[in-house]
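Shown here: target_9.cif, mmCIF, C-alpha atoms.
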data_coords
loop_
_atom_site.group_PDB
_atom_site.id
_atom_site.type_symbol
_atom_site.label_atom_id
_atom_site.label_comp_id
_atom_site.auth_asym_id
_atom_site.auth_seq_id
_atom_site.Cartn_x
_atom_site.Cartn_y
_atom_site.Cartn_z
ATOM 1 C CA MET W 1 -1.900 49.286 7.635
ATOM 2 C CA SER W 2 1.421 49.255 5.758
ATOM 3 C CA LYS W 3 1.312 48.990 1.989
ATOM 4 C CA MET W 4 5.043 48.501 1.571
ATOM 5 C CA LYS W 5 5.926 45.557 -0.652
ATOM 6 C CA LEU W 6 7.615 42.717 1.214
ATOM 7 C CA THR W 7 11.345 42.401 0.562
ATOM 8 C CA PRO W 8 13.992 40.053 2.021
ATOM 9 C CA SER W 9 15.563 40.798 5.383
ATOM 10 C CA VAL W 10 18.905 39.198 4.491
ATOM 11 C CA LYS W 11 21.044 41.078 1.970
ATOM 12 C CA THR W 12 22.399 37.933 0.321
ATOM 13 C CA THR W 13 18.918 36.533 -0.455
ATOM 14 C CA CYS W 14 18.290 36.573 -4.201
ATOM 15 C CA THR W 15 14.818 37.258 -5.589
ATOM 16 C CA ALA W 16 13.005 36.347 -8.800
ATOM 17 C CA ASN W 17 9.514 36.252 -10.281
ATOM 18 C CA THR W 18 8.763 39.919 -9.461
ATOM 19 C CA GLY W 19 9.961 39.424 -5.897
ATOM 20 C CA ALA W 20 7.676 36.486 -5.060
ATOM 21 C CA GLU W 21 10.507 33.921 -5.078
ATOM 22 C CA TRP W 22 13.351 34.136 -2.569
ATOM 23 C CA ALA W 23 16.570 32.092 -2.608
ATOM 24 C CA PRO W 24 18.429 32.370 0.729
ATOM 25 C CA ALA W 25 22.101 31.438 0.759
ATOM 26 C CA SER W 26 21.892 29.115 3.778
ATOM 27 C CA PHE W 27 19.395 27.254 5.952
ATOM 28 C CA SER W 28 19.812 29.791 8.753
ATOM 29 C CA ASP W 29 18.996 32.546 6.249
ATOM 30 C CA PHE W 30 16.016 30.497 5.078
ATOM 31 C CA LEU W 31 14.651 30.376 8.643
ATOM 32 C CA ALA W 32 15.269 34.088 9.077
ATOM 33 C CA GLU W 33 13.392 34.924 5.872
ATOM 34 C CA LEU W 34 10.471 32.685 6.789
ATOM 35 C CA ALA W 35 10.225 34.382 10.201
ATOM 36 C CA HIS W 36 10.427 37.754 8.455
ATOM 37 C CA ILE W 37 7.505 36.863 6.184
ATOM 38 C CA GLN W 38 5.419 35.627 9.115
ATOM 39 C CA SER W 39 6.148 38.814 11.074
ATOM 40 C CA HIS W 40 5.120 40.904 8.071
ATOM 41 C CA TYR W 41 1.763 39.146 7.731
ATOM 42 C CA ALA W 42 1.158 39.483 11.481
ATOM 43 C CA SER W 43 1.852 43.227 11.288
ATOM 44 C CA LEU W 44 -0.852 43.540 8.638
ATOM 45 C CA GLY W 45 -3.362 41.730 10.843
ATOM 46 C CA ARG W 46 -3.647 38.885 8.347
ATOM 47 C CA TYR W 47 -4.728 35.358 9.071
ATOM 48 C CA ALA W 48 -1.848 32.903 9.388
ATOM 49 C CA PRO W 49 -0.764 31.795 5.908
ATOM 50 C CA CYS W 50 -0.901 28.265 4.531
ATOM 51 C CA TYR W 51 2.313 26.387 3.780
ATOM 52 C CA ARG W 52 3.363 23.585 1.460
ATOM 53 C CA GLY W 53 6.761 21.959 0.982
ATOM 54 C CA HIS W 54 8.248 20.426 -2.170
ATOM 55 C CA ALA W 55 11.453 18.388 -2.149
ATOM 56 C CA GLN W 56 12.231 19.588 -5.702
ATOM 57 C CA ASP W 57 11.743 23.134 -6.861
ATOM 58 C CA ALA W 58 10.634 21.941 -10.326
ATOM 59 C CA TRP W 59 7.409 20.407 -8.982
ATOM 60 C CA ARG W 60 4.251 22.339 -9.763
ATOM 61 C CA LEU W 61 1.319 23.091 -7.469
ATOM 62 C CA ASP W 62 -0.847 20.514 -9.203
ATOM 63 C CA SER W 63 -3.190 18.027 -7.560
ATOM 64 C CA THR W 64 -2.456 14.320 -7.821
ATOM 65 C CA PHE W 65 -5.379 14.008 -10.238
ATOM 66 C CA ALA W 66 -3.972 16.691 -12.569
ATOM 67 C CA ARG W 67 -0.522 15.067 -12.449
ATOM 68 C CA PHE W 68 -2.046 11.662 -13.217
ATOM 69 C CA VAL W 69 -3.790 12.944 -16.342
ATOM 70 C CA LYS W 70 -0.624 14.621 -17.577
ATOM 71 C CA SER W 71 1.626 11.605 -16.998
ATOM 72 C CA GLN W 72 -0.649 8.614 -17.602
ATOM 73 C CA ILE W 73 -3.113 9.898 -20.202
ATOM 74 C CA LEU W 74 -1.204 12.616 -22.071
ATOM 75 C CA GLY W 75 2.174 10.938 -21.557
ATOM 76 C CA ILE W 76 4.117 14.030 -20.507
ATOM 77 C CA ASN W 77 6.254 14.863 -17.498
ATOM 78 C CA PRO W 78 4.038 16.374 -14.752
ATOM 79 C CA THR W 79 6.577 19.171 -14.295
ATOM 80 C CA ASP W 80 6.226 20.241 -17.936
ATOM 81 C CA LEU W 81 3.787 22.842 -19.160
ATOM 82 C CA ILE W 82 1.345 21.829 -21.860
ATOM 83 C CA LYS W 83 1.399 24.205 -24.817
ATOM 84 C CA ASP W 84 -0.708 27.267 -24.091
ATOM 85 C CA ASP W 85 -3.095 26.836 -27.012
ATOM 86 C CA TYR W 86 -4.159 23.415 -25.708
ATOM 87 C CA ARG W 87 -3.694 24.035 -21.969
ATOM 88 C CA HIS W 88 -6.168 26.913 -22.059
ATOM 89 C CA SER W 89 -8.491 25.255 -24.544
ATOM 90 C CA LEU W 90 -12.087 24.195 -24.071
ATOM 91 C CA GLU W 91 -11.144 20.684 -25.243
ATOM 92 C CA TYR W 92 -8.631 20.236 -22.424
ATOM 93 C CA LEU W 93 -11.093 21.616 -19.869
ATOM 94 C CA ARG W 94 -13.697 19.121 -21.064
ATOM 95 C CA LEU W 95 -11.216 16.228 -20.898
ATOM 96 C CA LEU W 96 -10.130 16.972 -17.331
ATOM 97 C CA ASN W 97 -13.586 17.674 -15.941
ATOM 98 C CA SER W 98 -15.204 14.689 -17.641
ATOM 99 C CA LEU W 99 -12.573 12.354 -16.162
ATOM 100 C CA PHE W 100 -12.878 13.971 -12.725
ATOM 101 C CA LEU W 101 -16.687 13.774 -12.733
ATOM 102 C CA CYS W 102 -16.472 10.192 -13.977
ATOM 103 C CA LYS W 103 -14.332 9.237 -10.995
ATOM 104 C CA PHE W 104 -16.283 11.089 -8.309
ATOM 105 C CA GLY W 105 -19.876 10.080 -8.848
ATOM 106 C CA THR W 106 -19.572 7.054 -11.122
ATOM 107 C CA LEU W 107 -16.408 5.103 -10.335
ATOM 108 C CA MET W 108 -16.236 6.154 -6.686
ATOM 109 C CA VAL W 109 -18.759 7.371 -4.113
ATOM 110 C CA PRO W 110 -18.594 7.638 -0.308
ATOM 111 C CA SER W 111 -19.294 4.472 1.646
ATOM 112 C CA GLN W 112 -22.587 3.855 3.408
ATOM 113 C CA GLU W 113 -20.697 4.274 6.669
ATOM 114 C CA LEU W 114 -19.750 7.815 5.638
ATOM 115 C CA PHE W 115 -23.317 8.606 4.625
ATOM 116 C CA ARG W 116 -24.542 7.337 8.019
ATOM 117 C CA ALA W 117 -21.951 9.513 9.775
ATOM 118 C CA SER W 118 -23.202 12.420 7.691
ATOM 119 C CA ALA W 119 -26.782 11.868 8.812
ATOM 120 C CA GLU W 120 -25.853 11.319 12.469
ATOM 121 C CA LYS W 121 -22.984 13.766 12.994
ATOM 122 C CA GLY W 122 -23.202 16.243 10.120
ATOM 123 C CA ILE W 123 -19.823 15.451 8.560
ATOM 124 C CA ASP W 124 -19.265 15.920 4.813
ATOM 125 C CA PRO W 125 -19.030 12.405 3.295
ATOM 126 C CA TRP W 126 -17.451 13.538 0.018
ATOM 127 C CA PHE W 127 -14.819 15.581 1.821
ATOM 128 C CA GLU W 128 -14.021 12.660 4.114
ATOM 129 C CA LEU W 129 -13.644 10.361 1.097
ATOM 130 C CA MET W 130 -11.204 12.755 -0.562
ATOM 131 C CA LYS W 131 -9.365 13.490 2.685
ATOM 132 C CA ARG W 132 -8.847 9.765 3.198
ATOM 133 C CA ILE W 133 -7.404 9.440 -0.309
ATOM 134 C CA GLN W 134 -5.122 12.408 0.328
ATOM 135 C CA GLN W 135 -3.791 10.980 3.583
ATOM 136 C CA TYR W 136 -3.757 7.323 2.504
ATOM 137 C CA PRO W 137 -3.248 7.285 -1.294
ATOM 138 C CA GLN W 138 -2.680 3.524 -1.262
ATOM 139 C CA GLU W 139 -6.413 3.149 -0.543
ATOM 140 C CA ASP W 140 -7.362 4.876 -3.799
ATOM 141 C CA ILE W 141 -8.486 1.850 -5.817
ATOM 142 C CA SER W 142 -9.741 3.781 -8.842
ATOM 143 C CA THR W 143 -7.845 3.600 -12.130
ATOM 144 C CA LEU W 144 -7.997 7.425 -12.126
ATOM 145 C CA ARG W 145 -5.706 8.393 -9.286
ATOM 146 C CA GLY W 146 -6.043 11.245 -6.838
ATOM 147 C CA THR W 147 -8.465 14.085 -6.119
ATOM 148 C CA PHE W 148 -8.590 17.792 -6.937
ATOM 149 C CA LEU W 149 -7.416 18.603 -3.395
ATOM 150 C CA ILE W 150 -3.854 19.669 -2.621
ATOM 151 C CA ASP W 151 -2.527 19.177 0.913
ATOM 152 C CA TRP W 152 -1.309 22.294 2.719
ATOM 153 C CA THR W 153 -0.482 22.856 6.361
ATOM 154 C CA GLN W 154 -0.919 25.616 8.897
ATOM 155 C CA ASP W 155 2.355 24.547 10.570
ATOM 156 C CA TRP W 156 5.400 25.920 8.740
ATOM 157 C CA ARG W 157 7.616 23.217 10.265
ATOM 158 C CA ILE W 158 5.560 20.537 8.533
ATOM 159 C CA ALA W 159 6.118 22.319 5.217
ATOM 160 C CA ILE W 160 9.863 22.256 5.856
ATOM 161 C CA TYR W 161 9.605 18.537 6.628
ATOM 162 C CA PHE W 162 8.034 17.821 3.245
ATOM 163 C CA ALA W 163 10.469 20.164 1.491
ATOM 164 C CA ASN W 164 13.299 18.057 2.905
ATOM 165 C CA HIS W 165 11.659 14.601 2.859
ATOM 166 C CA LYS W 166 13.674 12.273 0.602
ATOM 167 C CA ARG W 167 15.429 15.323 -0.869
ATOM 168 C CA SER W 168 18.744 14.725 -2.562
ATOM 169 C CA ASN W 169 21.574 16.867 -1.245
ATOM 170 C CA GLU W 170 21.881 18.248 -4.785
ATOM 171 C CA ASP W 171 18.226 19.260 -5.008
ATOM 172 C CA VAL W 172 16.798 22.648 -4.120
ATOM 173 C CA GLY W 173 13.619 22.330 -2.083
ATOM 174 C CA ALA W 174 10.847 24.889 -1.790
ATOM 175 C CA VAL W 175 8.386 26.071 0.819
ATOM 176 C CA TYR W 176 5.311 27.848 -0.531
ATOM 177 C CA VAL W 177 3.562 30.476 1.585
ATOM 178 C CA ALA W 178 0.014 31.358 0.552
ATOM 179 C CA ASP W 179 -1.594 34.528 1.914
ATOM 180 C CA MET W 180 -5.201 33.484 1.350
ATOM 181 C CA THR W 181 -6.576 36.811 2.611
ATOM 182 C CA GLN W 182 -5.464 38.165 -0.776
ATOM 183 C CA ALA W 183 -7.495 35.518 -2.614
ATOM 184 C CA GLY W 184 -10.954 36.691 -1.563
ATOM 185 C CA PRO W 185 -13.750 34.625 0.074
ATOM 186 C CA VAL W 186 -12.314 31.174 -0.612
ATOM 187 C CA LEU W 187 -12.668 29.407 2.763
ATOM 188 C CA HIS W 188 -15.512 26.906 2.707
ATOM 189 C CA GLN W 189 -16.559 25.544 6.077
ATOM 190 C CA ASP W 190 -20.268 25.149 5.378
ATOM 191 C CA VAL W 191 -20.432 24.465 1.620
ATOM 192 C CA THR W 192 -20.015 20.720 1.035
ATOM 193 C CA VAL W 193 -17.737 19.072 -1.494
ATOM 194 C CA GLU W 194 -20.832 17.515 -3.082
ATOM 195 C CA GLU W 195 -22.219 21.003 -3.704
ATOM 196 C CA ILE W 196 -18.913 22.038 -5.272
ATOM 197 C CA ILE W 197 -18.948 18.933 -7.483
ATOM 198 C CA GLU W 198 -22.498 19.791 -8.546
ATOM 199 C CA LYS W 199 -21.360 23.310 -9.460
ATOM 200 C CA LEU W 200 -18.444 21.838 -11.399
ATOM 201 C CA TYR W 201 -20.923 19.662 -13.282
ATOM 202 C CA ASP W 202 -23.147 22.650 -14.091
ATOM 203 C CA HIS W 203 -20.123 24.623 -15.310
ATOM 204 C CA PHE W 204 -18.955 21.603 -17.295
ATOM 205 C CA MET W 205 -22.301 21.257 -19.057
ATOM 206 C CA GLN W 206 -22.218 24.955 -19.971
ATOM 207 C CA ASP W 207 -18.501 25.029 -20.896
ATOM 208 C CA GLN W 208 -17.857 27.598 -18.186
ATOM 209 C CA HIS W 209 -14.683 28.376 -16.237
ATOM 210 C CA PRO W 210 -14.697 26.313 -12.995
ATOM 211 C CA GLY W 211 -13.570 29.174 -10.746
ATOM 212 C CA CYS W 212 -10.704 30.024 -8.390
ATOM 213 C CA PRO W 213 -9.001 27.663 -5.896
ATOM 214 C CA LEU W 214 -11.027 27.019 -2.749
ATOM 215 C CA ILE W 215 -9.987 26.087 0.792
ATOM 216 C CA PHE W 216 -11.803 23.154 2.380
ATOM 217 C CA HIS W 217 -11.679 23.025 6.166
ATOM 218 C CA PRO W 218 -15.079 21.777 7.436
ATOM 219 C CA ARG W 219 -15.985 22.579 11.023
ATOM 220 C CA LEU W 220 -16.871 18.913 11.647
ATOM 221 C CA GLN W 221 -14.444 16.210 10.539
ATOM 222 C CA ILE W 222 -13.744 12.582 11.354
ATOM 223 C CA ALA W 223 -10.750 12.487 13.691
ATOM 224 C CA CYS W 224 -7.505 11.568 11.930
ATOM 225 C CA GLN W 225 -4.294 11.712 13.943
ATOM 226 C CA ARG W 226 -2.150 11.917 10.826
ATOM 227 C CA ALA W 227 -4.053 14.939 9.506
ATOM 228 C CA LYS W 228 -4.024 16.490 12.992
ATOM 229 C CA ASN W 229 -0.266 16.138 13.400
ATOM 230 C CA GLN W 230 0.260 17.575 9.929
ATOM 231 C CA ASP W 231 -2.166 20.426 10.744
ATOM 232 C CA ALA W 232 -3.593 19.728 7.313
ATOM 233 C CA ILE W 233 -5.773 22.042 5.287
ATOM 234 C CA TYR W 234 -6.872 21.334 1.730
ATOM 235 C CA ILE W 235 -7.024 23.636 -1.280
ATOM 236 C CA ALA W 236 -9.080 22.523 -4.276
ATOM 237 C CA GLN W 237 -7.559 22.999 -7.729
ATOM 238 C CA MET W 238 -10.813 24.056 -9.341
ATOM 239 C CA ASP W 239 -9.291 24.619 -12.770
ATOM 240 C CA LEU W 240 -7.310 21.431 -13.365
ATOM 241 C CA ARG W 241 -5.640 22.921 -16.451
ATOM 242 C CA ARG W 242 -3.572 25.368 -14.414
ATOM 243 C CA ASP W 243 -1.633 24.768 -11.220
ATOM 244 C CA LEU W 244 -2.338 26.938 -8.193
ATOM 245 C CA ALA W 245 0.637 29.217 -8.850
ATOM 246 C CA GLU W 246 -0.680 30.129 -12.290
ATOM 247 C CA GLN W 247 -4.243 30.601 -11.066
ATOM 248 C CA TRP W 248 -3.155 32.852 -8.197
ATOM 249 C CA GLU W 249 -0.845 34.817 -10.482
ATOM 250 C CA GLY W 250 -3.906 35.561 -12.618
ATOM 251 C CA GLN W 251 -5.729 36.847 -9.530
ATOM 252 C CA ASP W 252 -2.700 38.959 -8.587
ATOM 253 C CA ASN W 253 -2.644 40.504 -12.057
ATOM 254 C CA ALA W 254 -6.375 41.224 -11.900
ATOM 255 C CA ARG W 255 -5.963 43.050 -8.562
ATOM 256 C CA ALA W 256 -2.909 44.906 -9.874
ATOM 257 C CA ASP W 257 -1.957 46.130 -6.392
ATOM 258 C CA GLY W 258 1.602 44.799 -6.457
ATOM 259 C CA PHE W 259 0.957 42.117 -3.815
ATOM 260 C CA ASN W 260 1.158 38.343 -4.262
ATOM 261 C CA ILE W 261 -1.033 35.561 -2.911
ATOM 262 C CA LEU W 262 1.862 33.139 -3.212
ATOM 263 C CA MET W 263 5.512 33.309 -2.189
ATOM 264 C CA ARG W 264 8.174 30.657 -2.579
ATOM 265 C CA ILE W 265 11.254 30.367 -0.367
ATOM 266 C CA MET W 266 13.934 28.044 -1.695
ATOM 267 C CA LEU W 267 15.635 25.500 0.563
ATOM 268 C CA PRO W 268 19.300 25.585 -0.524
ATOM 269 C CA LYS W 269 20.945 22.463 -1.858
ATOM 270 C CA GLY W 270 23.584 20.890 0.343
ATOM 271 C CA THR W 271 21.473 21.422 3.472
ATOM 272 C CA THR W 272 19.583 18.109 3.662
ATOM 273 C CA GLN W 273 21.346 16.795 6.767
ATOM 274 C CA GLU W 274 21.296 20.166 8.522
ATOM 275 C CA VAL W 275 17.555 20.499 7.949
ATOM 276 C CA GLN W 276 16.962 16.922 9.089
ATOM 277 C CA GLU W 277 18.799 17.525 12.340
ATOM 278 C CA TRP W 278 16.855 20.754 12.929
ATOM 279 C CA LEU W 279 13.537 18.978 12.333
ATOM 280 C CA THR W 280 14.464 16.067 14.605
ATOM 281 C CA LYS W 281 15.482 18.445 17.386
ATOM 282 C CA GLY W 282 12.050 20.081 17.095
ATOM 283 C CA GLY W 283 10.203 16.748 17.175
ATOM 284 C CA ILE W 284 9.136 16.836 13.509
ATOM 285 C CA THR W 285 10.081 13.268 12.686
ATOM 286 C CA ASP W 286 8.689 10.572 10.382
ATOM 287 C CA GLU W 287 6.950 9.053 13.398
ATOM 288 C CA TYR W 288 5.259 12.369 14.212
ATOM 289 C CA VAL W 289 4.165 13.192 10.659
ATOM 290 C CA TYR W 290 2.973 9.624 9.998
ATOM 291 C CA PRO W 291 1.946 8.397 13.476
ATOM 292 C CA ASP W 292 -0.021 5.420 12.140
ATOM 293 C CA LYS W 293 2.350 4.334 9.408
ATOM 294 C CA ILE W 294 3.109 0.612 9.431
ATOM 295 C CA ASP W 295 6.475 -0.241 7.995
ATOM 296 C CA GLN W 296 6.475 -2.956 5.374
ATOM 297 C CA PRO W 297 8.381 -6.089 6.455
ATOM 298 C CA LYS W 298 11.816 -6.377 4.923
ATOM 299 C CA PRO W 299 12.308 -9.245 2.450
ATOM 300 C CA PRO W 300 14.167 -12.261 3.838
#

Take the structure in this file and express it as structure tokens.
Amino acid sequence: MSKMKLTPSVKTTCTANTGAEWAPASFSDFLAELAHIQSHYASLGRYAPCYRGHAQDAWRLDSTFARFVKSQILGINPTDLIKDDYRHSLEYLRLLNSLFLCKFGTLMVPSQELFRASAEKGIDPWFELMKRIQQYPQEDISTLRGTFLIDWTQDWRIAIYFANHKRSNEDVGAVYVADMTQAGPVLHQDVTVEEIIEKLYDHFMQDQHPGCPLIFHPRLQIACQRAKNQDAIYIAQMDLRRDLAEQWEGQDNARADGFNILMRIMLPKGTTQEVQEWLTKGGITDEYVYPDKIDQPKPP
């Protein structure tokens, strides 16, 4: 197995953040670099990575719930970093976890229909509740918005779609590539979300660190065409104080082997239309990504 550190395949691609961030000069170079990364992981016998697209490179890998607390409770821009002394403090950890546990368990619980499906079919009712909120955020009726899950995909084209979706031609997009084999045993197919919430509660009561990000991909799920088309997989932001990039960087530093869980490939500005045409040609359209979306009627 090769231990050589991954480097760009295109000479004009600029790198930053100790080589974990690549900025290709064009969309064709972007595609070449993404294929190069995928080929590298395949040569190492790794599982296929997870992907996520952002239409602005300033966005952080925070869950909707973490962004809500920052913007609506603390009154700061979700892209800003809270000062280190507070961001890493016990007080901030208590604030975030108390609000999260208040929402999931007090303000919101799975429906009786989900509990019946759990008893009859073995699905995870808490996961299905959160998955529904992730896919249909307009159905989240709580005053505390979002979950601790962050949507990722196993289809790199879907990540490019979201990196380009509603992107200004002056904005730089980003596609994140997460090599979860570097993150340890984080895939949870048999542990339920309720069990994770219970562990969060126990840690909360003992003022303990909530742990590393976890992947949720239960073996049994309620069919959802939207999630299927998006090839969705969900990563839980266990420590709501720190976005996934910061948490994984900490794991990288602890391993100290020179490899990164996370890479970021920038989608160059000025390529919005070119990317859109490429996606459309490949069948990755709004109608495919949101197959059940009902357009709102236009005002008279």

Nearest to W:Met263: which of W:Glu120, W:Glu194, W:Asp239, W:Glu21 is it, counting all atoms listed in the file?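 For W:Met263, the nearest of the given residues is W:Glu21.
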
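The coordinates place atom CA of W:Asp252 at 28.3 Å from atom CA of W:Tyr161.
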
Computed gap from atom CA of W:Arg226 to atom CA of W:Leu144 is 24.1 Å

Need the shell around W:Gln276: protein/DNA/RNA residues with any atom at most 10 Å away, counting all atoms listed in the file. Skip same-chain ones fewer than 4 positions apart. Format as a list in words?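 Counting only the stated atoms, we get Ile160, Tyr161, Asn164, His165, Thr271, Thr272, Thr280, Lys281, Gly282, Ile284 and Thr285 of chain W.
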
Reference answer for the PyMOL selection byres ((chain W and resi 14) around 12), as a VMD selection string:
chain W and resid 7 to 13 15 to 26 29 to 30 33 264 to 266 268

*Quick one: residues within 12 Å of W:Asn77, all atoms listed in the file counted, chain neighbours fewer than 4 positions away excluded, as number ranges by chain?*
W: 58-60, 66-73, 81-82

Given 4 Å of margin on each side, can you work out the centre and size in Å (one decimal) of an axis-aligned box holding every listed atom of stretch 37-41 of chain W, as lines of an AutoDock Vina configuration file?
center_x = 4.6
center_y = 38.3
center_z = 8.6
size_x = 13.7
size_y = 13.3
size_z = 12.9

On this structure, which residues satisfy the PyMOL selection byres ((chain W and resi 245) around 9), written as a VMD selection string?
chain W and resid 60 to 62 242 to 244 246 to 250 261 to 262

message = I want to know what sits within 12 Å of W:Ser89, based on all atoms listed in the file, with residues of the same chain fewer than 4 positions away left out; could you give that as a ChimeraX atom specification?
response = /W:82-85,93-96,207-209,239-242

Could the residues of stretch 187-269 of chain W that have an atom at most 10 Å from stretch 128-134 of chain W be listed as a tab-separated table, each with its closest atom pair and the distance in Å to one decimal, counting only C-alpha atoms and ordered by chain and ascending residue number?
residue	atom	partner	partner_atom	distance
W:Val193	CA	W:Met130	CA	9.1
W:Phe216	CA	W:Lys131	CA	10.0
W:Pro218	CA	W:Glu128	CA	9.8
W:Gln221	CA	W:Glu128	CA	7.4
W:Ile222	CA	W:Glu128	CA	7.2
W:Cys224	CA	W:Arg132	CA	9.0
W:Ala227	CA	W:Lys131	CA	8.8
W:Ala232	CA	W:Lys131	CA	9.7
W:Ile233	CA	W:Lys131	CA	9.6
W:Tyr234	CA	W:Lys131	CA	8.3

A straight line from atom CA of W:Ala236 to atom CA of W:Ile215 spans 6.3 Å

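In terms of minimum interatomic distance to W:Ile235, W:Cys50 ranks closest within W:Leu200, W:Cys50, W:Leu90, W:Leu267, counting all atoms listed in the file.
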
From (-3.6, 43.4, -4.5), in the file's coordinates, out to 12 Å: which residues are reached, counting all atoms listed in the file? Answer as a ChimeraX atom specification. /W:3-5,179-184,248-262

Margin query: Please determine, counting only C-alpha atoms, which residue among W:Ile197, W:Met238, W:Leu279, W:Leu6 has the shortest atom-to-atom distance to W:Cys102.
Written below: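 Using only C-alpha atoms, the shortest distance to W:Cys102 belongs to W:Ile197.
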
With the PyMOL selection byres ((chain W and resi 173) around 8) as the selection, what would be picked from this file? Answer as a PDB file with C-alpha atoms, in the frame of the given file, please.
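As written to disk, part31.pdb reads:
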ATOM      1  CA  GLY W  53       6.761  21.959   0.982  1.00  0.00           C
ATOM      2  CA  HIS W  54       8.248  20.426  -2.170  1.00  0.00           C
ATOM      3  CA  ALA W  55      11.453  18.388  -2.149  1.00  0.00           C
ATOM      4  CA  GLN W  56      12.231  19.588  -5.702  1.00  0.00           C
ATOM      5  CA  ASP W  57      11.743  23.134  -6.861  1.00  0.00           C
ATOM      6  CA  ALA W 163      10.469  20.164   1.491  1.00  0.00           C
ATOM      7  CA  ASN W 164      13.299  18.057   2.905  1.00  0.00           C
ATOM      8  CA  ARG W 167      15.429  15.323  -0.869  1.00  0.00           C
ATOM      9  CA  ASP W 171      18.226  19.260  -5.008  1.00  0.00           C
ATOM     10  CA  VAL W 172      16.798  22.648  -4.120  1.00  0.00           C
ATOM     11  CA  ALA W 174      10.847  24.889  -1.790  1.00  0.00           C
ATOM     12  CA  VAL W 175       8.386  26.071   0.819  1.00  0.00           C
ATOM     13  CA  MET W 266      13.934  28.044  -1.695  1.00  0.00           C
ATOM     14  CA  LEU W 267      15.635  25.500   0.563  1.00  0.00           C
ATOM     15  CA  PRO W 268      19.300  25.585  -0.524  1.00  0.00           C
ATOM     16  CA  LYS W 269      20.945  22.463  -1.858  1.00  0.00           C
TER      17      LYS W 269
END

In terms of only C-alpha atoms, the residue from W:Trp126, W:Phe204, W:Phe27, W:Tyr290 at minimal distance from W:Trp278 is W:Phe27
